[in-house]
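Student: Got query27.cif for you, mmCIF, C-alpha atoms:
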data_upload
#
loop_
_atom_site.label_atom_id
_atom_site.label_comp_id
_atom_site.auth_asym_id
_atom_site.auth_seq_id
_atom_site.Cartn_x
_atom_site.Cartn_y
_atom_site.Cartn_z
CA MET F 1 -58.13 -108.93 17.44
CA ASP F 2 -57.23 -105.43 18.57
CA ARG F 3 -54.13 -104.89 20.60
CA LEU F 4 -54.88 -104.56 24.30
CA VAL F 5 -51.70 -102.63 25.15
CA ASP F 6 -49.93 -99.63 23.63
CA GLU F 7 -47.11 -99.68 21.12
CA ALA F 8 -44.38 -99.04 23.67
CA THR F 9 -45.48 -102.05 25.72
CA VAL F 10 -45.44 -104.28 22.64
CA ASP F 11 -41.94 -102.95 21.85
CA LEU F 12 -40.79 -103.69 25.36
CA LEU F 13 -42.19 -107.23 25.26
CA GLY F 14 -40.70 -107.72 21.79
CA VAL F 15 -37.18 -106.69 22.71
CA LEU F 16 -37.33 -108.75 25.90
CA ALA F 17 -38.62 -111.82 24.03
CA TYR F 18 -35.92 -111.64 21.38
CA GLY F 19 -33.41 -110.92 24.13
CA GLU F 20 -34.38 -114.12 25.95
CA LEU F 21 -34.35 -116.12 22.74
CA THR F 22 -30.85 -114.98 21.83
CA ALA F 23 -29.66 -115.32 25.44
CA PHE F 24 -30.84 -118.92 25.31
CA GLU F 25 -29.02 -119.56 22.07
CA ARG F 26 -25.77 -117.94 23.17
CA LEU F 27 -25.67 -119.42 26.66
CA ALA F 28 -26.34 -122.88 25.25
CA SER F 29 -23.66 -122.33 22.68
CA ASP F 30 -21.17 -121.02 25.28
CA ALA F 31 -21.78 -124.23 27.24
CA ARG F 32 -19.38 -125.77 24.70
CA LEU F 33 -16.58 -123.85 26.36
CA ALA F 34 -17.28 -125.35 29.79
CA PRO F 35 -14.26 -127.10 31.30
CA THR F 36 -16.29 -129.82 33.08
CA ILE F 37 -19.58 -131.64 32.55
CA ALA F 38 -20.95 -130.02 35.72
CA ASP F 39 -20.15 -126.54 34.39
CA LYS F 40 -21.71 -127.43 31.06
CA VAL F 41 -24.88 -128.61 32.78
CA ALA F 42 -25.00 -125.45 34.92
CA LEU F 43 -24.87 -123.18 31.86
CA ALA F 44 -27.27 -125.39 29.90
CA SER F 45 -29.81 -125.22 32.78
CA MET F 46 -29.68 -121.43 32.72
CA ALA F 47 -30.13 -121.46 28.96
CA ALA F 48 -33.16 -123.73 29.27
CA ALA F 49 -34.65 -121.33 31.84
CA GLU F 50 -34.20 -118.43 29.39
CA PHE F 51 -36.09 -120.38 26.78
CA GLY F 52 -38.93 -120.87 29.28
CA HIS F 53 -38.99 -117.08 29.70
CA TYR F 54 -39.06 -116.61 25.95
CA ARG F 55 -42.13 -118.86 25.77
CA GLN F 56 -43.92 -116.87 28.50
CA LEU F 57 -43.25 -113.59 26.70
CA HIS F 58 -44.33 -115.08 23.39
CA ASP F 59 -47.59 -116.32 24.90
CA HIS F 60 -48.21 -112.99 26.60
CA LEU F 61 -47.71 -111.11 23.31
CA VAL F 62 -50.32 -113.38 21.74
CA ALA F 63 -52.63 -112.85 24.72
CA VAL F 64 -52.50 -109.05 24.34
CA GLY F 65 -53.30 -109.34 20.66
CA ALA F 66 -49.81 -108.72 19.25
CA ASP F 67 -47.91 -110.77 16.66
CA PRO F 68 -44.78 -112.04 18.48
CA GLU F 69 -42.64 -112.15 15.33
CA LYS F 70 -43.59 -108.63 14.32
CA ALA F 71 -42.96 -107.44 17.87
CA MET F 72 -39.45 -108.94 17.88
CA ALA F 73 -38.48 -107.95 14.33
CA PRO F 74 -37.34 -104.35 15.05
CA PHE F 75 -34.78 -105.62 17.58
CA VAL F 76 -33.27 -108.53 15.66
CA ASP F 77 -30.38 -106.60 14.09
CA ALA F 78 -29.37 -104.80 17.28
CA LEU F 79 -29.39 -107.94 19.44
CA ASP F 80 -27.74 -110.13 16.81
CA GLU F 81 -25.00 -107.54 16.36
CA PHE F 82 -24.50 -107.24 20.08
CA HIS F 83 -23.98 -110.99 20.34
CA ASP F 84 -21.84 -111.25 17.21
CA SER F 85 -19.57 -108.49 18.44
CA THR F 86 -19.26 -110.07 21.90
CA ASP F 87 -18.76 -113.73 21.08
CA PRO F 88 -16.77 -115.07 24.06
CA SER F 89 -13.40 -116.54 23.16
CA ASP F 90 -13.21 -118.67 26.29
CA TRP F 91 -15.21 -119.98 29.23
CA PHE F 92 -14.52 -117.01 31.50
CA GLU F 93 -15.52 -114.43 28.91
CA GLY F 94 -18.76 -116.39 28.56
CA LEU F 95 -19.36 -116.28 32.32
CA ILE F 96 -18.69 -112.53 32.49
CA LYS F 97 -21.09 -111.99 29.63
CA ALA F 98 -23.77 -114.04 31.38
CA TYR F 99 -23.33 -112.12 34.62
CA VAL F 100 -22.47 -108.57 33.56
CA GLY F 101 -24.55 -108.49 30.38
CA ASP F 102 -27.66 -110.08 31.83
CA GLY F 103 -27.30 -108.01 34.99
CA LEU F 104 -27.23 -104.76 33.06
CA ALA F 105 -30.14 -105.78 30.85
CA ALA F 106 -32.20 -106.95 33.84
CA ASP F 107 -31.57 -103.67 35.72
CA PHE F 108 -32.66 -101.65 32.72
CA PHE F 109 -35.83 -103.61 32.06
CA ARG F 110 -36.73 -103.65 35.73
CA GLU F 111 -36.51 -99.85 35.85
CA VAL F 112 -38.54 -99.49 32.67
CA SER F 113 -41.18 -102.01 33.74
CA ALA F 114 -42.23 -99.52 36.44
CA PHE F 115 -43.50 -97.24 33.65
CA VAL F 116 -45.69 -99.91 32.06
CA THR F 117 -49.37 -99.31 32.82
CA ASP F 118 -50.58 -102.83 32.02
CA GLU F 119 -50.40 -104.74 35.30
CA PRO F 120 -50.07 -108.34 33.96
CA THR F 121 -47.29 -107.17 31.61
CA ARG F 122 -45.39 -105.54 34.47
CA GLU F 123 -45.67 -108.68 36.60
CA LEU F 124 -44.51 -110.93 33.78
CA ILE F 125 -41.50 -108.73 33.07
CA LEU F 126 -40.41 -108.85 36.70
CA GLU F 127 -40.91 -112.61 36.72
CA VAL F 128 -38.78 -113.33 33.66
CA LEU F 129 -36.05 -111.01 34.92
CA ALA F 130 -35.58 -113.04 38.09
CA ASP F 131 -32.03 -114.37 38.25
CA THR F 132 -31.78 -117.89 36.84
CA GLY F 133 -28.81 -118.67 39.05
CA GLN F 134 -26.11 -117.36 36.75
CA ALA F 135 -25.03 -114.62 39.15
CA ASP F 136 -23.78 -116.82 42.00
CA PHE F 137 -22.40 -119.41 39.64
CA ALA F 138 -20.46 -116.94 37.50
CA VAL F 139 -19.12 -115.00 40.47
CA ALA F 140 -17.83 -118.13 42.20
CA ARG F 141 -16.12 -119.46 39.07
CA VAL F 142 -14.55 -116.15 38.07
CA ARG F 143 -13.25 -115.31 41.58
CA GLU F 144 -11.74 -118.77 41.86
CA ALA F 145 -9.88 -118.39 38.57
CA THR F 146 -8.74 -114.78 38.92
CA ALA F 147 -7.53 -115.10 42.54
CA ALA F 148 -4.22 -116.49 41.34
CA ASP F 149 -4.07 -114.95 37.88
CA ALA F 150 -3.62 -111.20 37.55
CA ALA F 151 -3.35 -111.37 33.76
CA LEU F 152 -6.76 -113.04 33.56
CA SER F 153 -8.25 -110.34 35.86
CA GLY F 154 -6.94 -107.63 33.57
CA ARG F 155 -8.21 -109.30 30.45
CA LEU F 156 -11.68 -109.91 31.92
CA ALA F 157 -11.95 -106.32 33.18
CA LEU F 158 -11.31 -105.09 29.62
CA TRP F 159 -13.80 -107.61 28.28
CA ALA F 160 -16.50 -106.31 30.65
CA ARG F 161 -15.84 -102.77 29.40
CA ARG F 162 -16.27 -103.92 25.85
CA LEU F 163 -19.55 -105.65 26.72
CA VAL F 164 -20.94 -102.45 28.21
CA GLY F 165 -19.72 -100.40 25.25
CA GLU F 166 -21.34 -102.70 22.70
CA ALA F 167 -24.57 -102.83 24.72
CA LEU F 168 -24.76 -99.02 24.81
CA LEU F 169 -24.03 -98.80 21.11
CA GLN F 170 -26.90 -101.12 20.25
CA ALA F 171 -29.23 -99.52 22.81
CA GLN F 172 -28.62 -96.14 21.16
CA ARG F 173 -29.34 -97.63 17.79
CA VAL F 174 -32.67 -99.00 19.02
CA ALA F 175 -33.49 -95.68 20.72
CA VAL F 176 -33.09 -93.79 17.45
CA GLU F 177 -35.51 -96.10 15.69
CA ARG F 178 -38.21 -96.78 18.28
CA ASP F 179 -39.96 -93.57 19.20
CA ALA F 180 -42.67 -95.10 21.38
CA LEU F 181 -40.15 -97.05 23.43
CA ILE F 182 -37.87 -94.07 23.99
CA GLU F 183 -40.88 -91.99 24.99
CA LEU F 184 -41.86 -94.63 27.54
CA VAL F 185 -38.37 -94.54 29.04
CA VAL F 186 -37.90 -90.77 28.99
CA GLY F 187 -41.53 -90.03 29.89
CA GLY F 188 -41.45 -92.61 32.68
CA SER F 189 -38.26 -91.14 34.09
CA GLY F 190 -40.09 -87.82 34.41
CA ASP F 191 -37.61 -85.70 32.48
CA LEU F 192 -34.04 -85.80 31.28
CA ALA F 193 -32.78 -85.36 34.83
CA GLY F 194 -34.80 -88.44 35.79
CA LEU F 195 -33.28 -90.33 32.88
CA ALA F 196 -29.79 -89.27 33.99
CA ARG F 197 -30.55 -90.62 37.48
CA LEU F 198 -31.74 -93.89 35.95
CA LEU F 199 -28.46 -94.18 34.02
CA THR F 200 -26.51 -93.43 37.19
CA ARG F 201 -28.32 -96.25 39.01
CA LEU F 202 -27.49 -98.63 36.15
CA THR F 203 -23.83 -97.61 36.26
CA ASP F 204 -23.68 -97.98 40.04
CA ASN F 205 -25.10 -101.48 39.88
CA HIS F 206 -22.64 -102.39 37.15
CA THR F 207 -19.77 -101.15 39.32
CA LYS F 208 -21.07 -103.25 42.21
CA ARG F 209 -21.18 -106.34 40.02
CA MET F 210 -17.60 -105.79 38.90
CA LYS F 211 -16.55 -105.40 42.52
CA THR F 212 -18.34 -108.65 43.42
CA LEU F 213 -16.35 -110.33 40.66
CA GLY F 214 -13.17 -108.88 42.09
CA LEU F 215 -12.51 -107.02 38.84
CA GLN F 216 -11.77 -103.37 38.09
CA SER F 217 -14.68 -101.54 36.53
CA MET C 1 -25.88 -146.83 47.67
CA ASP C 2 -25.26 -149.86 45.48
CA ARG C 3 -25.98 -149.66 41.82
CA LEU C 4 -29.32 -151.24 40.95
CA VAL C 5 -28.46 -151.96 37.32
CA ASP C 6 -25.49 -153.52 35.55
CA GLU C 7 -22.52 -151.74 34.05
CA ALA C 8 -23.76 -151.93 30.47
CA THR C 9 -27.03 -150.25 31.45
CA VAL C 10 -25.17 -147.43 33.20
CA ASP C 11 -23.00 -147.07 30.07
CA LEU C 12 -26.07 -146.90 27.88
CA LEU C 13 -27.71 -144.27 30.09
CA GLY C 14 -24.44 -142.34 30.26
CA VAL C 15 -23.88 -142.17 26.52
CA LEU C 16 -27.53 -141.23 25.96
CA ALA C 17 -27.41 -138.52 28.64
CA TYR C 18 -24.27 -136.94 27.23
CA GLY C 19 -25.72 -137.35 23.75
CA GLU C 20 -28.83 -135.36 24.75
CA LEU C 21 -26.74 -132.72 26.50
CA THR C 22 -24.53 -132.16 23.46
CA ALA C 23 -27.53 -132.37 21.10
CA PHE C 24 -29.12 -129.59 23.15
CA GLU C 25 -26.00 -127.46 22.98
CA ARG C 26 -25.46 -127.95 19.26
CA LEU C 27 -29.09 -127.52 18.20
CA ALA C 28 -29.34 -124.34 20.26
CA SER C 29 -26.13 -123.13 18.73
CA ASP C 30 -27.24 -124.03 15.19
CA ALA C 31 -30.36 -121.93 15.81
CA ARG C 32 -28.05 -118.97 15.08
CA LEU C 33 -28.01 -120.05 11.46
CA ALA C 34 -31.80 -119.89 11.14
CA PRO C 35 -32.99 -117.58 8.35
CA THR C 36 -36.15 -116.43 10.18
CA ILE C 37 -37.28 -115.95 13.77
CA ALA C 38 -39.85 -118.74 13.30
CA ASP C 39 -37.11 -121.16 12.19
CA LYS C 40 -34.94 -120.09 15.10
CA VAL C 41 -37.78 -120.71 17.55
CA ALA C 42 -38.49 -124.12 15.98
CA LEU C 43 -34.89 -125.27 16.46
CA ALA C 44 -34.66 -123.71 19.93
CA SER C 45 -37.82 -125.60 20.99
CA MET C 46 -36.29 -128.88 19.90
CA ALA C 47 -33.11 -128.04 21.78
CA ALA C 48 -35.07 -127.26 24.93
CA ALA C 49 -36.83 -130.64 24.60
CA GLU C 50 -33.45 -132.39 24.39
CA PHE C 51 -32.41 -130.69 27.60
CA GLY C 52 -35.58 -132.02 29.25
CA HIS C 53 -34.52 -135.50 28.14
CA TYR C 54 -31.06 -134.96 29.55
CA ARG C 55 -32.61 -134.08 32.91
CA GLN C 56 -34.74 -137.25 32.90
CA LEU C 57 -31.72 -139.43 32.14
CA HIS C 58 -29.66 -137.64 34.78
CA ASP C 59 -32.36 -138.21 37.41
CA HIS C 60 -32.76 -141.84 36.40
CA LEU C 61 -29.01 -142.43 36.75
CA VAL C 62 -29.20 -141.01 40.27
CA ALA C 63 -32.26 -143.17 41.00
CA VAL C 64 -30.44 -146.38 40.04
CA GLY C 65 -27.52 -145.44 42.25
CA ALA C 66 -25.07 -144.29 39.57
CA ASP C 67 -23.06 -141.06 39.42
CA PRO C 68 -24.27 -139.22 36.29
CA GLU C 69 -20.96 -137.47 35.65
CA LYS C 70 -19.00 -140.69 35.94
CA ALA C 71 -21.50 -142.43 33.70
CA MET C 72 -21.12 -139.77 31.00
CA ALA C 73 -17.35 -139.32 31.26
CA PRO C 74 -16.29 -142.25 29.02
CA PHE C 75 -18.30 -140.82 26.11
CA VAL C 76 -17.30 -137.17 26.29
CA ASP C 77 -14.38 -137.36 23.85
CA ALA C 78 -16.23 -139.41 21.23
CA LEU C 79 -19.34 -137.21 21.25
CA ASP C 80 -17.39 -133.95 21.39
CA GLU C 81 -15.25 -135.06 18.47
CA PHE C 82 -18.29 -136.12 16.49
CA HIS C 83 -19.81 -132.67 16.93
CA ASP C 84 -16.56 -130.79 16.33
CA SER C 85 -15.96 -132.69 13.12
CA THR C 86 -19.52 -132.09 11.91
CA ASP C 87 -20.07 -128.44 12.77
CA PRO C 88 -22.68 -127.29 10.21
CA SER C 89 -21.52 -124.45 7.97
CA ASP C 90 -25.05 -123.32 7.14
CA TRP C 91 -28.69 -123.69 8.13
CA PHE C 92 -29.37 -126.67 5.83
CA GLU C 93 -26.36 -128.65 7.03
CA GLY C 94 -27.69 -128.07 10.54
CA LEU C 95 -31.12 -129.39 9.58
CA ILE C 96 -29.66 -132.49 7.93
CA LYS C 97 -27.59 -133.13 11.01
CA ALA C 98 -30.65 -132.81 13.26
CA TYR C 99 -32.65 -135.20 11.09
CA VAL C 100 -30.11 -137.73 9.81
CA GLY C 101 -27.85 -137.74 12.85
CA ASP C 102 -30.59 -137.92 15.47
CA GLY C 103 -32.49 -140.46 13.37
CA LEU C 104 -29.51 -142.80 13.19
CA ALA C 105 -28.77 -142.43 16.89
CA ALA C 106 -32.41 -142.97 17.85
CA ASP C 107 -32.64 -146.12 15.70
CA PHE C 108 -29.52 -147.53 17.29
CA PHE C 109 -30.57 -146.84 20.86
CA ARG C 110 -34.08 -148.12 20.23
CA GLU C 111 -32.65 -151.44 18.99
CA VAL C 112 -30.27 -151.70 21.93
CA SER C 113 -32.92 -150.76 24.50
CA ALA C 114 -34.62 -154.08 23.72
CA PHE C 115 -31.64 -155.86 25.32
CA VAL C 116 -31.86 -153.92 28.59
CA THR C 117 -33.31 -156.05 31.39
CA ASP C 118 -34.29 -153.19 33.69
CA GLU C 119 -37.87 -152.30 32.76
CA PRO C 120 -37.97 -148.63 33.95
CA THR C 121 -34.69 -147.96 32.10
CA ARG C 122 -36.07 -149.45 28.90
CA GLU C 123 -39.22 -147.35 29.13
CA LEU C 124 -37.29 -144.16 29.80
CA ILE C 125 -34.99 -144.76 26.82
CA LEU C 126 -37.94 -145.21 24.49
CA GLU C 127 -39.54 -142.08 25.92
CA VAL C 128 -36.53 -139.81 25.42
CA LEU C 129 -36.00 -141.15 21.91
CA ALA C 130 -39.44 -140.02 20.79
CA ASP C 131 -39.11 -137.53 17.95
CA THR C 132 -39.14 -133.91 19.20
CA GLY C 133 -40.57 -132.69 15.93
CA GLN C 134 -37.32 -132.19 14.09
CA ALA C 135 -38.08 -134.84 11.47
CA ASP C 136 -41.09 -133.17 9.84
CA PHE C 137 -39.63 -129.72 10.23
CA ALA C 138 -36.26 -130.60 8.70
CA VAL C 139 -37.78 -132.60 5.84
CA ALA C 140 -40.14 -129.78 4.88
CA ARG C 141 -37.42 -127.11 4.93
CA VAL C 142 -34.84 -129.19 3.05
CA ARG C 143 -37.25 -130.36 0.33
CA GLU C 144 -38.41 -126.79 -0.20
CA ALA C 145 -34.86 -125.55 -0.67
CA THR C 146 -33.46 -128.40 -2.77
CA ALA C 147 -36.44 -128.61 -5.14
CA ALA C 148 -35.00 -125.79 -7.24
CA ASP C 149 -31.32 -126.17 -6.42
CA ALA C 150 -29.47 -129.25 -7.70
CA ALA C 151 -26.12 -127.99 -6.41
CA LEU C 152 -27.51 -127.76 -2.87
CA SER C 153 -28.92 -131.32 -3.17
CA GLY C 154 -25.51 -132.62 -4.16
CA ARG C 155 -23.72 -130.80 -1.37
CA LEU C 156 -26.22 -131.97 1.28
CA ALA C 157 -26.03 -135.58 0.07
CA LEU C 158 -22.25 -135.48 0.56
CA TRP C 159 -22.71 -133.84 3.95
CA ALA C 160 -25.04 -136.65 5.08
CA ARG C 161 -22.42 -139.22 4.03
CA ARG C 162 -19.84 -137.41 6.09
CA LEU C 163 -22.17 -137.38 9.11
CA VAL C 164 -22.63 -141.14 8.91
CA GLY C 165 -18.91 -141.70 8.44
CA GLU C 166 -17.98 -139.61 11.47
CA ALA C 167 -20.70 -141.28 13.57
CA LEU C 168 -19.38 -144.75 12.69
CA LEU C 169 -15.82 -143.68 13.44
CA GLN C 170 -16.76 -142.50 16.92
CA ALA C 171 -19.03 -145.49 17.56
CA GLN C 172 -16.13 -147.82 16.77
CA ARG C 173 -13.92 -145.87 19.10
CA VAL C 174 -16.44 -146.26 21.94
CA ALA C 175 -16.89 -149.97 21.12
CA VAL C 176 -13.17 -150.63 21.55
CA GLU C 177 -13.17 -149.04 24.99
CA ARG C 178 -16.45 -150.15 26.54
CA ASP C 179 -16.51 -153.92 26.87
CA ALA C 180 -19.77 -154.17 28.82
CA LEU C 181 -21.64 -152.02 26.31
CA ILE C 182 -20.37 -153.94 23.29
CA GLU C 183 -21.27 -157.20 25.02
CA LEU C 184 -24.79 -155.91 25.58
CA VAL C 185 -25.14 -155.06 21.89
CA VAL C 186 -23.51 -158.21 20.51
CA GLY C 187 -25.02 -160.49 23.15
CA GLY C 188 -28.44 -158.93 22.67
CA SER C 189 -28.24 -159.37 18.91
CA GLY C 190 -27.73 -163.11 19.54
CA ASP C 191 -24.55 -163.49 17.52
CA LEU C 192 -22.53 -161.70 14.88
CA ALA C 193 -25.14 -162.57 12.26
CA GLY C 194 -27.73 -160.87 14.48
CA LEU C 195 -25.48 -157.84 14.77
CA ALA C 196 -25.08 -157.74 10.99
CA ARG C 197 -28.88 -157.76 10.64
CA LEU C 198 -29.13 -154.91 13.15
CA LEU C 199 -26.64 -152.89 11.09
CA THR C 200 -28.60 -153.65 7.93
CA ARG C 201 -31.78 -152.34 9.57
CA LEU C 202 -29.97 -149.14 10.59
CA THR C 203 -28.66 -148.67 7.05
CA ASP C 204 -32.09 -149.31 5.53
CA ASN C 205 -33.68 -146.70 7.78
CA HIS C 206 -30.97 -144.22 6.92
CA THR C 207 -31.60 -144.80 3.21
CA LYS C 208 -35.31 -144.22 3.78
CA ARG C 209 -34.60 -140.94 5.55
CA MET C 210 -32.42 -139.75 2.68
CA LYS C 211 -35.18 -140.67 0.24
CA THR C 212 -37.70 -138.70 2.33
CA LEU C 213 -35.38 -135.71 2.09
CA GLY C 214 -35.21 -136.19 -1.67
CA LEU C 215 -31.44 -136.69 -1.45
CA GLN C 216 -29.17 -139.43 -2.78
CA SER C 217 -27.91 -141.76 -0.07
#
Do you think you could lay out the structure here as structure tokens?
Tutor:
Amino acid sequence: MDRLVDEATVDLLGVLAYGELTAFERLASDARLAPTIADKVALASMAAAEFGHYRQLHDHLVAVGADPEKAMAPFVDALDEFHDSTDPSDWFEGLIKAYVGDGLAADFFREVSAFVTDEPTRELILEVLADTGQADFAVARVREATAADAALSGRLALWARRLVGEALLQAQRVAVERDALIELVVGGSGDLAGLARLLTRLTDNHTKRMKTLGLQS
Amino acid sequence: MDRLVDEATVDLLGVLAYGELTAFERLASDARLAPTIADKVALASMAAAEFGHYRQLHDHLVAVGADPEKAMAPFVDALDEFHDSTDPSDWFEGLIKAYVGDGLAADFFREVSAFVTDEPTRELILEVLADTGQADFAVARVREATAADAALSGRLALWARRLVGEALLQAQRVAVERDALIELVVGGSGDLAGLARLLTRLTDNHTKRMKTLGLQS
């Protein structure tokens, strides 16, 4: 079967699919760090939702005539390294990662989805990016804990910086290797000025999230 | 609301629910060790199925008037310690744990479910114990790898022994603390001779599983 969408769209679906698969795996694994059964269940539910998204992306890749494994393969190293280099050492680092990391990724993919010409693909991307509840949950737990603990606030603010740094590092790595994808992003933004504005929007949203958490960005 | 089932039944549902929740978390986490994306997806699918089972047990506990968290609480330490003491160090140890560990647990709960008087509870237990596909998958992968590697066979055989040892240790610990549950098991077996026969059946099935894997029991 011929592919029904262009290379950049397959790339985008591939990186999202592997992103959901690893998000599932890491969230489920971070559920170990939960201090109560209720917290564990909350994180496990989000993880299960991510796996549902993975399945949808997988099925959509098949539907457009692409091989899901081949589509994900170019992004395995970058995503695995991101997660290995940001393995949370406690429950709160895990929550920040779920909120800040997923928030940043969702913002980026939402922006890029606007440049995708295939309508069903665009709709699916927006659907799987919908918040699975981790935002409210993470914010409530982190604010509760940091309210009375300035040292924790400081540590988590640094942790969030590291998350963003590692994400950018891996994004750059992918950009160097995936021409079609980078062309979609740059071409879609209009020009380099458009790309700069996109990056500014991502940064602004990140700053807002940090403020919501009550942490310095 | 009054509880609609006896204490032993709540205990049984509680230990099963927490067992599924931790199985989910550990399988998902062991998916990190997978050598290929396809293997990762296979393990992640099984994990997601376990979480579905957890949800069913949780909802059933609510339906019979029990508090799910309270029902699970007495079994948290034993199950957490089992998993902490049997954290797989590689992909194959993870597969053996999924197959041998879940097989042993499923056999035990299937036997005990026969003693439960509440019909919907008994049906649900049998339903959530149905194999999620890990048996065939694990057997195929392990046989493939050990066929040409005697050292791996030896190491995995020892690993399986350790799994059973740790499971028995934690089961004993639970038995000492949960009178109603132990009474259900011993009472249901008829007498101590009946209990001994139940243990023999569990051992026989374990030996069969090891043979299927091509490993010494």
Student: Can you give me, as number ranges by chain, the residues this file yields under the PyMOL selection byres ((chain C) within 10 of (chain F))?
Tutor: C: 18, 21-22, 24-32, 36-38, 40-41, 43-45, 47-52, 54-55, 68-70, 72-73, 76, 80
Student: Given the file above and the PyMOL selection byres ((chain C and resi 155) around 12), which residues are selected, and can you give them as a list in words?
Tutor: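 Applied to this file, the PyMOL selection byres ((chain C and resi 155) around 12) selects Ser89, Asp90, Phe92, Glu93, Ile96, Thr146, Asp149, Ala150, Ala151, Leu152, Ser153, Gly154, Leu156, Ala157, Leu158, Trp159, Ala160, Arg161, Arg162, Leu215, Gln216 and Ser217 of chain C.
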Student: Okay, now the selection with C-alpha atoms, as a JSON list (two decimals), keeping the file's coordinate frame?
Tutor:
[["chain", "number", "residue", "atom", "x", "y", "z"],
["C", 89, "SER", "CA", -21.52, -124.45, 7.97],
["C", 90, "ASP", "CA", -25.05, -123.32, 7.14],
["C", 92, "PHE", "CA", -29.37, -126.67, 5.83],
["C", 93, "GLU", "CA", -26.36, -128.65, 7.03],
["C", 96, "ILE", "CA", -29.66, -132.49, 7.93],
["C", 146, "THR", "CA", -33.46, -128.40, -2.77],
["C", 149, "ASP", "CA", -31.32, -126.17, -6.42],
["C", 150, "ALA", "CA", -29.47, -129.25, -7.70],
["C", 151, "ALA", "CA", -26.12, -127.99, -6.41],
["C", 152, "LEU", "CA", -27.51, -127.76, -2.87],
["C", 153, "SER", "CA", -28.92, -131.32, -3.17],
["C", 154, "GLY", "CA", -25.51, -132.62, -4.16],
["C", 156, "LEU", "CA", -26.22, -131.97, 1.28],
["C", 157, "ALA", "CA", -26.03, -135.58, 0.07],
["C", 158, "LEU", "CA", -22.25, -135.48, 0.56],
["C", 159, "TRP", "CA", -22.71, -133.84, 3.95],
["C", 160, "ALA", "CA", -25.04, -136.65, 5.08],
["C", 161, "ARG", "CA", -22.42, -139.22, 4.03],
["C", 162, "ARG", "CA", -19.84, -137.41, 6.09],
["C", 215, "LEU", "CA", -31.44, -136.69, -1.45],
["C", 216, "GLN", "CA", -29.17, -139.43, -2.78],
["C", 217, "SER", "CA", -27.91, -141.76, -0.07]]
Student: Neighbours of region 130-139 of chain F within 10 Å (all atoms listed in the file; same-chain residues fewer than 4 positions away dropped), as a PyMOL selection string?
Tutor: chain F and resi 39+42-43+45-50+53+92+94-100+102-103+106+110+125-126+143-144+209-210+212-214
Student: Find the residue from C:Val112, C:Ala23, C:Leu199, C:Ala66 that sits nearest to Asp87 (chain C); use all atoms listed in the file when measuring.
Tutor: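 Closest residue, counting all atoms listed in the file: C:Ala23.
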Student: For Pro88 (chain F), which residue out of F:Leu104, F:Val174, F:Thr203, F:Ala34 is the nearest one, using only C-alpha atoms?
Tutor: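 Distance minimum relative to Pro88 (chain F) lands on F:Ala34.
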Student: Have a look at CA of Gly188 (chain C) and CA of Leu79 (chain C) and let me know their distance in Å, one decimal.
Tutor: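 Atom-to-atom, CA of Gly188 (chain C) and CA of Leu79 (chain C) are spaced 23.6 Å apart.
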Student: Let me make sure I understand: among C:Leu129, C:Leu163, C:Leu181, C:Ala78, which one has the smallest atom-to-atom distance to Leu12 (chain C) if we use all atoms listed in the file?
Tutor: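 So, comparing all the options, the nearest one is C:Leu181.
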Student: Taking all atoms listed in the file into account, name the residue in C:Glu166, C:Asp191, C:Asp59, C:Glu119 that is nearest to His83 (chain C).
Tutor: C:Glu166
Student: Expand the PyMOL selection byres ((chain C and resi 173) around 12) into the explicit residue set it covers here, and present it as a list in words.
Tutor: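 Taken on the displayed file, the PyMOL selection byres ((chain C and resi 173) around 12) yields the residues Pro74, Phe75, Val76, Asp77, Ala78, Leu79, Glu81, Phe82, Glu166, Ala167, Leu168, Leu169, Gln170, Ala171, Gln172, Val174, Ala175, Val176, Glu177, Arg178, Asp179 and Ile182 of chain C.
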Student: If we count all atoms listed in the file, what is near Arg3 (chain F) at a cut-off of 10 Å, once residues fewer than 3 positions away on the same chain are taken out, given as a PyMOL selection string?
Tutor: chain F and resi 6-7+10+61-67
Student: Rank C:Val164, C:Ala17, C:Val5, C:Val116 by their smallest atom-to-atom distance to Thr207 (chain C), using all atoms listed in the file, and report the top residue only.
Tutor: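 Closest candidate: C:Val164.
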